[in-house]
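One structure is given below, encoded as structure tokens.
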Amino acid sequence: MTAVPVRDREPAALRLRRMTGQVGWGVLAWVVGIAFFLPVLWMVLTAFKPESAAQTWPPKFVFSPTLAQFRLVFSGWGPYVTHSLIATTVSSVHPVPHWRDGLFFFISTKMLPIVAAIGPLYVLALHAHLLDSIWVLIILYTAMNLPLAIWMIRSFMLEVPKEMLEAAELDGAGRVREMTEVIMPVISPGLVSTALICVIFAWNELFLALNLTVTNAATLPMFLISSVPQEGLYLAHLSAAATVASIPVILVGWIAQRSLVRGLSMGAIK
């Protein structure tokens, strides 16, 4: 008699239960994904509606699209997006100190609510003549992102195998060559993911910009606030402004998605 393979002896009920579980988790993932995507879809559709159609309930999904709200957004967003780009870019590209003893100090700065520090920050900015200046946002955004960047990059640096550094040292490589040819290729996905997270935090920040700037350094989130008129009908215009403000971060994330996934998964599997 021919022996029956072990894998063929698996009961049909167990196989059915396993397939049902996989299908169930897949359906749940799709439901959660669609639930998270529906508000974004609603925002984008509302951006193309006239204000009269945007205020109706239940919402209309059949309407005559218009670009009037986007024309209003692009007509006044120039200074705001310029300030956001400068503050985000400069604050996200900063050197990372190598103080091992100060690691806890850096992460401890994230434990203080920013609301509790806004008073002293306002007084310091006032006496330093930095109120309503792009430099105050650059300094504060850098301080805001620095603790997170230090800890993330530290975790990526720990993933560099010591054997690679020892082999480079045996080959006579100096510190600069070790950094550029050994360490950087290994941690580059982590650097991309760290930079993208810092960009997102700085791009979306509102509280500091709202309290320390007025017009000369107003950022894009403040432009969203100014898009709400006192008269009332503003939903379509606000949706158009929010859609435009979301596009740069979405594009950066889409371009860097491969490095982002690799960077965020570094250290997850030993």
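FYI, nothing fancy with the structure tokens labels: chains A, B, ... in order, residues from 1 per chain, ligands from 1 as they appear.
Shell of stretch 214-217 of chain A at 10 Å, with only C-alpha atoms counted and residues fewer than 4 places along the chain excluded, is Pro79, Tyr80, Val81, Thr82, His83, Ser84, Ile86, Ala87, Leu131, Asp132, Ser133, Ile134, Trp135, Val136, Leu137, Ala209, Leu210 and Met222 of chain A.
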Exercise. Using only C-alpha atoms, which residues sit within 12 Å of stretch 233-246 of chain A once same-chain residues fewer than 5 positions away are excluded, as a PyMOL selection string?
Worked result: chain A and resi 39-56+65-78+80-81+84-85+200+203-204+219-228+251-253
For this session: Name the residues in contact with stretch 109-118 of chain A at a cut-off of 12 Å, using only C-alpha atoms, excluding same-chain residues fewer than 5 positions from it; report them as a PyMOL selection string.
Result: chain A and resi 102-104+123-126+140-141+143-149+151+205-212
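Interatomic distance, atom CA of A:Val182 to atom CA of A:Ala168: 7.6 Å.
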Exercise. What's the 12 Å shell around A:Leu158, counting only C-alpha atoms, without same-chain residues fewer than 5 positions away, as an NGL selection string?
Worked result: :A and (151-153 or 165 or 183 or 186-187 or 190 or 266-267)
For this session: Measuring atom to atom with only C-alpha atoms, identify which of A:Met179, A:Val90, A:Val32, A:Val27 is nearest to A:Cys198.
Result: A:Val90
